[in-house]
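A.B. asks: Enclosed is the structure file upload-v6.pdb (PDB, C-alpha atoms, pLDDT in the B column).
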```
MODEL        1
ATOM      1  CA  MET A   1      30.769 -39.216  79.349  1.00 40.00           C
ATOM      2  CA  SER A   2      27.869 -39.807  76.973  1.00 35.00           C
ATOM      3  CA  GLU A   3      28.000 -42.674  74.541  1.00 34.00           C
ATOM      4  CA  THR A   4      25.877 -43.077  71.408  1.00 31.00           C
ATOM      5  CA  ILE A   5      25.036 -46.636  70.501  1.00 30.00           C
ATOM      6  CA  ASP A   6      23.886 -47.437  66.967  1.00 29.00           C
ATOM      7  CA  THR A   7      21.067 -49.926  66.668  1.00 28.00           C
ATOM      8  CA  ILE A   8      19.658 -51.718  63.676  1.00 28.00           C
ATOM      9  CA  ASP A   9      15.918 -51.570  63.148  1.00 32.00           C
ATOM     10  CA  ALA A  10      15.204 -55.115  61.953  1.00 31.00           C
ATOM     11  CA  ASP A  11      12.083 -54.091  60.026  1.00 33.00           C
ATOM     12  CA  GLN A  12      13.803 -51.361  58.027  1.00 34.00           C
ATOM     13  CA  ASP A  13      17.471 -52.494  57.984  1.00 33.00           C
ATOM     14  CA  ASP A  14      18.457 -48.883  58.768  1.00 34.00           C
ATOM     15  CA  VAL A  15      21.169 -47.972  61.248  1.00 32.00           C
ATOM     16  CA  THR A  16      19.976 -45.119  63.468  1.00 33.00           C
ATOM     17  CA  PRO A  17      21.100 -43.545  66.735  1.00 36.00           C
ATOM     18  CA  ALA A  18      19.997 -45.521  69.796  1.00 40.00           C
ATOM     19  CA  GLY A  19      16.243 -45.737  70.182  1.00 41.00           C
ATOM     20  CA  GLU A  20      15.467 -43.653  67.092  1.00 39.00           C
ATOM     21  CA  THR A  21      13.569 -45.040  64.109  1.00 40.00           C
ATOM     22  CA  ALA A  22      14.414 -44.034  60.534  1.00 38.00           C
ATOM     23  CA  ASP A  23      11.090 -42.163  60.348  1.00 39.00           C
ATOM     24  CA  ALA A  24      11.946 -40.175  63.476  1.00 39.00           C
ATOM     25  CA  ALA A  25      15.369 -39.318  62.049  1.00 37.00           C
ATOM     26  CA  GLU A  26      13.720 -38.102  58.821  1.00 37.00           C
ATOM     27  CA  GLN A  27      11.233 -35.990  60.781  1.00 40.00           C
ATOM     28  CA  LYS A  28      14.114 -34.500  62.762  1.00 38.00           C
ATOM     29  CA  ALA A  29      15.937 -33.627  59.536  1.00 40.00           C
ATOM     30  CA  GLY A  30      12.759 -32.116  58.073  1.00 48.00           C
ATOM     31  CA  GLY A  31      12.237 -30.196  61.292  1.00 58.00           C
ATOM     32  CA  ALA A  32      15.799 -28.898  61.060  1.00 64.00           C
ATOM     33  CA  ASP A  33      15.088 -27.733  57.505  1.00 86.00           C
ATOM     34  CA  ASP A  34      11.906 -26.030  58.691  1.00 88.00           C
ATOM     35  CA  ASP A  35      13.874 -24.354  61.492  1.00 92.00           C
ATOM     36  CA  ILE A  36      16.314 -22.967  58.915  1.00 94.00           C
ATOM     37  CA  LEU A  37      13.432 -21.727  56.759  1.00 95.00           C
ATOM     38  CA  VAL A  38      11.710 -20.141  59.770  1.00 95.00           C
ATOM     39  CA  ARG A  39      14.984 -18.379  60.593  1.00 95.00           C
ATOM     40  CA  GLU A  40      15.226 -17.153  56.972  1.00 96.00           C
ATOM     41  CA  GLY A  41      11.659 -15.855  57.250  1.00 95.00           C
ATOM     42  CA  ASP A  42      12.444 -14.067  60.513  1.00 96.00           C
ATOM     43  CA  ILE A  43      15.535 -12.405  59.042  1.00 97.00           C
ATOM     44  CA  ALA A  44      13.568 -11.386  55.935  1.00 97.00           C
ATOM     45  CA  GLY A  45      10.691 -10.092  58.061  1.00 97.00           C
ATOM     46  CA  ASP A  46      13.066  -7.922  60.112  1.00 97.00           C
ATOM     47  CA  TYR A  47      14.733  -6.596  56.954  1.00 98.00           C
ATOM     48  CA  LEU A  48      11.393  -5.774  55.319  1.00 98.00           C
ATOM     49  CA  GLU A  49      10.029  -4.210  58.501  1.00 97.00           C
ATOM     50  CA  ARG A  50      13.003  -1.817  58.576  1.00 97.00           C
ATOM     51  CA  LEU A  51      12.398  -1.027  54.898  1.00 96.00           C
ATOM     52  CA  LEU A  52       8.710  -0.254  55.505  1.00 96.00           C
ATOM     53  CA  ASP A  53       9.685   1.972  58.448  1.00 96.00           C
ATOM     54  CA  LEU A  54      12.204   3.867  56.296  1.00 96.00           C
ATOM     55  CA  LEU A  55       9.581   4.400  53.596  1.00 94.00           C
ATOM     56  CA  ASP A  56       6.913   5.206  56.198  1.00 94.00           C
ATOM     57  CA  TYR A  57       4.614   2.577  54.619  1.00 95.00           C
ATOM     58  CA  ASP A  58       2.100   0.544  56.575  1.00 93.00           C
ATOM     59  CA  GLY A  59       1.920  -3.198  56.142  1.00 94.00           C
ATOM     60  CA  ASP A  60       1.529  -6.433  58.047  1.00 96.00           C
ATOM     61  CA  ILE A  61       4.263  -8.999  57.517  1.00 97.00           C
ATOM     62  CA  ASP A  62       3.263 -12.673  57.536  1.00 96.00           C
ATOM     63  CA  LEU A  63       5.827 -15.491  57.590  1.00 96.00           C
ATOM     64  CA  ASP A  64       5.176 -19.057  56.455  1.00 95.00           C
ATOM     65  CA  VAL A  65       7.030 -22.156  55.275  1.00 94.00           C
ATOM     66  CA  GLU A  66       5.590 -23.908  52.247  1.00 90.00           C
ATOM     67  CA  ALA A  67       6.998 -26.514  49.852  1.00 87.00           C
ATOM     68  CA  GLY A  68      10.527 -26.242  51.255  1.00 91.00           C
ATOM     69  CA  ARG A  69      10.648 -22.467  50.951  1.00 93.00           C
ATOM     70  CA  ALA A  70      10.201 -19.517  53.300  1.00 95.00           C
ATOM     71  CA  ILE A  71       7.255 -17.360  52.215  1.00 95.00           C
ATOM     72  CA  VAL A  72       7.030 -13.733  53.336  1.00 97.00           C
ATOM     73  CA  SER A  73       3.901 -11.692  52.583  1.00 97.00           C
ATOM     74  CA  ILE A  74       3.266  -8.009  53.151  1.00 97.00           C
ATOM     75  CA  ASP A  75      -0.383  -6.902  53.173  1.00 96.00           C
ATOM     76  CA  GLY A  76      -2.577  -4.095  54.391  1.00 91.00           C
ATOM     77  CA  GLY A  77      -0.930  -0.829  53.420  1.00 78.00           C
ATOM     78  CA  GLU A  78      -2.205   1.697  50.886  1.00 82.00           C
ATOM     79  CA  ASP A  79       1.244   2.362  49.393  1.00 89.00           C
ATOM     80  CA  LEU A  80       2.191  -1.280  48.895  1.00 94.00           C
ATOM     81  CA  GLU A  81       1.257  -1.267  45.195  1.00 93.00           C
ATOM     82  CA  LYS A  82       4.314   0.958  44.662  1.00 95.00           C
ATOM     83  CA  LEU A  83       6.455  -1.885  45.989  1.00 96.00           C
ATOM     84  CA  VAL A  84       5.046  -4.229  43.345  1.00 96.00           C
ATOM     85  CA  GLY A  85       5.724  -2.022  40.333  1.00 94.00           C
ATOM     86  CA  PRO A  86       4.751  -2.664  36.728  1.00 92.00           C
ATOM     87  CA  ARG A  87       4.384  -6.421  36.098  1.00 86.00           C
ATOM     88  CA  GLY A  88       5.993  -7.097  39.481  1.00 90.00           C
ATOM     89  CA  THR A  89       9.411  -5.682  38.558  1.00 91.00           C
ATOM     90  CA  VAL A  90       9.888  -3.835  41.858  1.00 96.00           C
ATOM     91  CA  LEU A  91       8.644  -6.901  43.756  1.00 95.00           C
ATOM     92  CA  GLU A  92      11.237  -9.087  41.989  1.00 93.00           C
ATOM     93  CA  ALA A  93      13.996  -6.612  42.891  1.00 96.00           C
ATOM     94  CA  LEU A  94      12.859  -6.454  46.536  1.00 97.00           C
ATOM     95  CA  GLN A  95      12.731 -10.245  46.680  1.00 97.00           C
ATOM     96  CA  GLU A  96      16.327 -10.423  45.449  1.00 97.00           C
ATOM     97  CA  LEU A  97      17.471  -7.772  47.947  1.00 98.00           C
ATOM     98  CA  THR A  98      15.693  -9.645  50.732  1.00 98.00           C
ATOM     99  CA  ARG A  99      17.351 -12.902  49.674  1.00 97.00           C
ATOM    100  CA  LEU A 100      20.733 -11.146  49.763  1.00 98.00           C
ATOM    101  CA  ALA A 101      20.007  -9.813  53.269  1.00 97.00           C
ATOM    102  CA  VAL A 102      19.187 -13.365  54.401  1.00 97.00           C
ATOM    103  CA  GLN A 103      22.325 -14.709  52.714  1.00 97.00           C
ATOM    104  CA  GLN A 104      24.470 -12.088  54.412  1.00 97.00           C
ATOM    105  CA  GLU A 105      23.127 -13.177  57.800  1.00 96.00           C
ATOM    106  CA  THR A 106      23.099 -16.959  57.255  1.00 95.00           C
ATOM    107  CA  GLY A 107      25.957 -17.455  54.806  1.00 95.00           C
ATOM    108  CA  SER A 108      23.815 -19.531  52.431  1.00 94.00           C
ATOM    109  CA  ARG A 109      21.633 -18.708  49.444  1.00 94.00           C
ATOM    110  CA  SER A 110      17.909 -18.424  50.146  1.00 94.00           C
ATOM    111  CA  ARG A 111      14.987 -19.455  47.916  1.00 94.00           C
ATOM    112  CA  LEU A 112      12.666 -17.193  49.884  1.00 96.00           C
ATOM    113  CA  MET A 113       9.491 -16.055  48.096  1.00 95.00           C
ATOM    114  CA  LEU A 114       8.138 -12.552  48.671  1.00 97.00           C
ATOM    115  CA  ASP A 115       4.566 -11.473  47.955  1.00 97.00           C
ATOM    116  CA  ILE A 116       3.288  -7.931  48.365  1.00 97.00           C
ATOM    117  CA  ALA A 117      -0.387  -6.960  48.466  1.00 96.00           C
ATOM    118  CA  GLY A 118      -1.340 -10.428  47.148  1.00 95.00           C
ATOM    119  CA  TRP A 119       0.159  -9.645  43.741  1.00 95.00           C
ATOM    120  CA  ARG A 120       1.956 -12.995  43.346  1.00 93.00           C
ATOM    121  CA  ALA A 121      -1.090 -14.977  44.450  1.00 91.00           C
ATOM    122  CA  ASP A 122      -3.286 -13.130  41.939  1.00 95.00           C
ATOM    123  CA  ARG A 123      -0.662 -13.440  39.217  1.00 95.00           C
ATOM    124  CA  ARG A 124      -0.366 -17.179  39.894  1.00 95.00           C
ATOM    125  CA  GLU A 125      -4.087 -17.627  39.172  1.00 97.00           C
ATOM    126  CA  GLU A 126      -3.854 -15.553  35.956  1.00 97.00           C
ATOM    127  CA  LEU A 127      -0.866 -17.594  34.776  1.00 98.00           C
ATOM    128  CA  LYS A 128      -2.541 -20.929  35.559  1.00 98.00           C
ATOM    129  CA  GLU A 129      -5.459 -19.865  33.375  1.00 98.00           C
ATOM    130  CA  LEU A 130      -3.115 -18.611  30.633  1.00 98.00           C
ATOM    131  CA  GLY A 131      -1.168 -21.888  30.647  1.00 98.00           C
ATOM    132  CA  ARG A 132      -4.294 -24.051  30.617  1.00 98.00           C
ATOM    133  CA  SER A 133      -6.140 -22.085  27.920  1.00 98.00           C
ATOM    134  CA  THR A 134      -3.062 -21.795  25.696  1.00 98.00           C
ATOM    135  CA  ALA A 135      -2.366 -25.525  26.073  1.00 98.00           C
ATOM    136  CA  GLU A 136      -5.940 -26.320  25.038  1.00 97.00           C
ATOM    137  CA  SER A 137      -5.619 -23.962  22.051  1.00 97.00           C
ATOM    138  CA  VAL A 138      -2.366 -25.656  20.991  1.00 98.00           C
ATOM    139  CA  LEU A 139      -4.028 -29.044  21.346  1.00 96.00           C
ATOM    140  CA  LYS A 140      -6.838 -27.973  18.984  1.00 97.00           C
ATOM    141  CA  SER A 141      -4.706 -26.134  16.419  1.00 97.00           C
ATOM    142  CA  GLY A 142      -1.598 -28.298  16.493  1.00 96.00           C
ATOM    143  CA  GLU A 143       0.475 -25.093  16.274  1.00 97.00           C
ATOM    144  CA  ARG A 144       3.138 -24.170  18.824  1.00 97.00           C
ATOM    145  CA  VAL A 145       2.697 -20.910  20.748  1.00 98.00           C
ATOM    146  CA  ARG A 146       5.421 -18.690  22.216  1.00 98.00           C
ATOM    147  CA  LEU A 147       4.302 -16.655  25.206  1.00 98.00           C
ATOM    148  CA  GLN A 148       5.710 -13.280  26.203  1.00 97.00           C
ATOM    149  CA  PRO A 149       8.922 -13.212  28.265  1.00 95.00           C
ATOM    150  CA  MET A 150       8.363 -14.066  31.922  1.00 93.00           C
ATOM    151  CA  SER A 151      10.202 -14.264  35.217  1.00 89.00           C
ATOM    152  CA  PRO A 152      11.259 -17.701  36.529  1.00 88.00           C
ATOM    153  CA  PHE A 153       8.286 -17.676  38.950  1.00 86.00           C
ATOM    154  CA  GLU A 154       5.861 -16.980  36.100  1.00 94.00           C
ATOM    155  CA  ARG A 155       7.377 -19.609  33.805  1.00 96.00           C
ATOM    156  CA  LYS A 156       7.150 -22.289  36.509  1.00 95.00           C
ATOM    157  CA  VAL A 157       3.453 -21.604  37.076  1.00 97.00           C
ATOM    158  CA  VAL A 158       2.764 -21.811  33.321  1.00 98.00           C
ATOM    159  CA  HIS A 159       4.807 -25.028  32.918  1.00 98.00           C
ATOM    160  CA  ASP A 160       2.859 -26.624  35.782  1.00 97.00           C
ATOM    161  CA  ALA A 161      -0.474 -25.600  34.229  1.00 98.00           C
ATOM    162  CA  VAL A 162       0.539 -26.953  30.808  1.00 98.00           C
ATOM    163  CA  ALA A 163       1.678 -30.246  32.358  1.00 97.00           C
ATOM    164  CA  ALA A 164      -1.902 -30.805  33.563  1.00 97.00           C
ATOM    165  CA  VAL A 165      -3.187 -30.857  29.955  1.00 97.00           C
ATOM    166  CA  ALA A 166      -2.642 -34.177  28.164  1.00 97.00           C
ATOM    167  CA  GLY A 167      -1.221 -34.058  24.643  1.00 97.00           C
ATOM    168  CA  VAL A 168       0.866 -30.888  24.974  1.00 98.00           C
ATOM    169  CA  THR A 169       4.177 -29.977  26.552  1.00 97.00           C
ATOM    170  CA  SER A 170       6.191 -26.849  27.214  1.00 98.00           C
ATOM    171  CA  GLU A 171       9.756 -25.676  27.489  1.00 98.00           C
ATOM    172  CA  SER A 172      11.550 -22.402  28.078  1.00 97.00           C
ATOM    173  CA  GLU A 173      13.668 -20.755  25.430  1.00 97.00           C
ATOM    174  CA  GLY A 174      15.889 -17.701  25.268  1.00 96.00           C
ATOM    175  CA  GLU A 175      17.952 -15.912  27.851  1.00 96.00           C
ATOM    176  CA  ASP A 176      16.760 -13.837  30.802  1.00 89.00           C
ATOM    177  CA  PRO A 177      15.199 -11.311  30.854  1.00 87.00           C
ATOM    178  CA  LYS A 178      13.635 -12.372  27.523  1.00 94.00           C
ATOM    179  CA  ARG A 179      13.213 -16.041  28.445  1.00 96.00           C
ATOM    180  CA  ARG A 180       9.757 -17.331  27.496  1.00 97.00           C
ATOM    181  CA  VAL A 181       7.589 -20.429  27.567  1.00 98.00           C
ATOM    182  CA  VAL A 182       6.871 -22.267  24.321  1.00 98.00           C
ATOM    183  CA  ILE A 183       3.885 -24.634  24.281  1.00 98.00           C
ATOM    184  CA  PHE A 184       3.643 -27.298  21.584  1.00 97.00           C
ATOM    185  CA  PRO A 185       1.830 -30.562  20.793  1.00 97.00           C
ATOM    186  CA  GLU A 186       3.495 -33.751  21.985  1.00 95.00           C
ATOM    187  CA  SER A 187       4.831 -35.828  19.136  1.00 82.00           C
TER     188      SER A 187
ENDMDL
END
```
In structure tokens, write the structure found in this file.

C.D. replies:
Amino acid sequence: MSETIDTIDADQDDVTPAGETADAAEQKAGGADDDILVREGDIAGDYLERLLDLLDYDGDIDLDVEAGRAIVSIDGGEDLEKLVGPRGTVLEALQELTRLAVQQETGSRSRLMLDIAGWRADRREELKELGRSTAESVLKSGERVRLQPMSPFERKVVHDAVAAVAGVTSESEGEDPKRRVVIFPES
């Protein structure tokens, strides 16, 4: 019979399982989260590999874990642009289908991010520049600016870019799919 003895770490006043520091327990928990995200990535990779086979498209699937989220990238095939679609609409739909496939297997909702042919990475850079330059324009003019409707991914990138410019702020307005970022001077 195994017995777990709780000990108190005098320096940190934390109760932890025998012989384990609070830092080690946190690392274990973080590792468990990473294991879940790696599993999500594996499930998504298998799902997307079957999809590419059905479509007879070439592509290399890369799995990563970044900022508490599984990241799946598909690169290398000539036909992959078709899976991105205009303004990333097909990519967004495939991401949602992939998330649903992961949810069906794991029983929990996934925040997995899908990128195809580097489209999201390129779009992120464009949006950072748009957010920064629009924020600087608003700072000079004092006039608020409403950007075109964007996906949640796009809005987050713009909000982050605006937050880096002192003297302006941003918020989202409207309902999806017409939700947009509004940038205005701080009062």

A.B. asks: Report, in Å to a single decimal, how far apart atom CA of A:Ala135 and atom CA of A:Arg69 are.

C.D. replies: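 So the two atoms, atom CA of A:Arg69 and atom CA of A:Ala135, lie 28.2 Å apart.
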
A.B. asks: Using all atoms listed in the file, which of A:Ile61, A:Ile183, A:Ala164, A:Val102 sits nearest A:Leu139?

C.D. replies: A:Ile183

A.B. asks: Translate the PyMOL selection byres ((chain A and resi 123) around 12), as applied to the file shown, into an explicit residue set as an MDAnalysis selection string.

C.D. replies: chainID A and resid 84 87:88 115:122 124:130 150:151 153:155 157:158

A.B. asks: Restricting it to C-alpha atoms, dump the selection as a JSON list (two decimals), in the coordinates of the input.

C.D. replies:
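Below you can see part_25.json, which holds the result:
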```
[["chain", "number", "residue", "atom", "x", "y", "z"],
["A", 84, "VAL", "CA", 5.05, -4.23, 43.34],
["A", 87, "ARG", "CA", 4.38, -6.42, 36.10],
["A", 88, "GLY", "CA", 5.99, -7.10, 39.48],
["A", 115, "ASP", "CA", 4.57, -11.47, 47.96],
["A", 116, "ILE", "CA", 3.29, -7.93, 48.36],
["A", 117, "ALA", "CA", -0.39, -6.96, 48.47],
["A", 118, "GLY", "CA", -1.34, -10.43, 47.15],
["A", 119, "TRP", "CA", 0.16, -9.64, 43.74],
["A", 120, "ARG", "CA", 1.96, -13.00, 43.35],
["A", 121, "ALA", "CA", -1.09, -14.98, 44.45],
["A", 122, "ASP", "CA", -3.29, -13.13, 41.94],
["A", 124, "ARG", "CA", -0.37, -17.18, 39.89],
["A", 125, "GLU", "CA", -4.09, -17.63, 39.17],
["A", 126, "GLU", "CA", -3.85, -15.55, 35.96],
["A", 127, "LEU", "CA", -0.87, -17.59, 34.78],
["A", 128, "LYS", "CA", -2.54, -20.93, 35.56],
["A", 129, "GLU", "CA", -5.46, -19.86, 33.38],
["A", 130, "LEU", "CA", -3.12, -18.61, 30.63],
["A", 150, "MET", "CA", 8.36, -14.07, 31.92],
["A", 151, "SER", "CA", 10.20, -14.26, 35.22],
["A", 153, "PHE", "CA", 8.29, -17.68, 38.95],
["A", 154, "GLU", "CA", 5.86, -16.98, 36.10],
["A", 155, "ARG", "CA", 7.38, -19.61, 33.80],
["A", 157, "VAL", "CA", 3.45, -21.60, 37.08],
["A", 158, "VAL", "CA", 2.76, -21.81, 33.32]]
```

A.B. asks: Expressed in Å to a single decimal, how great is the separation between atom CA of A:Glu136 and atom CA of A:Val181?

C.D. replies: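 Atom CA of A:Val181 lies 15.0 Å from atom CA of A:Glu136.
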
A.B. asks: Apply the PyMOL selection byres ((chain A and resi 42-54) around 8) to the displayed file and report the matching residues as a list in words.

C.D. replies: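 Expected selection for the PyMOL selection byres ((chain A and resi 42-54) around 8) here is Val38, Arg39, Glu40, Gly41, Leu55, Asp56, Tyr57, Asp58, Gly59, Ile61, Asp62, Leu63, Val72, Thr98, Arg99, Ala101, Val102 and Glu105 of chain A.
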
A.B. asks: Just say which residues the PyMOL selection byres ((chain A and resi 162) around 6) picks in this file, as a list in words.

C.D. replies: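 Applied to this file, the PyMOL selection byres ((chain A and resi 162) around 6) returns Gly131, Arg132, Ala135, His159, Asp160, Ala161, Ala163, Ala164 and Val165 of chain A.
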
A.B. asks: Would you mind reading off the distance between atom CA of A:Ile71 and atom CA of A:Asp34, one decimal, in Å?

C.D. replies: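 Going from atom CA of A:Ile71 over to atom CA of A:Asp34, I get 11.8 Å.
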
A.B. asks: With only C-alpha atoms as the basis for distance, which of A:Ile74, A:Val65, A:Ile36, A:Leu114 is at the shortest distance from A:Gln95?

C.D. replies: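 Between A:Ile74, A:Val65, A:Ile36, A:Leu114, the residue approaching A:Gln95 most closely is A:Leu114.
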
A.B. asks: Using only C-alpha atoms for the distances, tell me which of A:Glu186, A:Asp176, A:Asp64, A:Asp33 is nearest to A:Arg144.

C.D. replies: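 Using only C-alpha atoms, A:Arg144 sits closest to A:Glu186.
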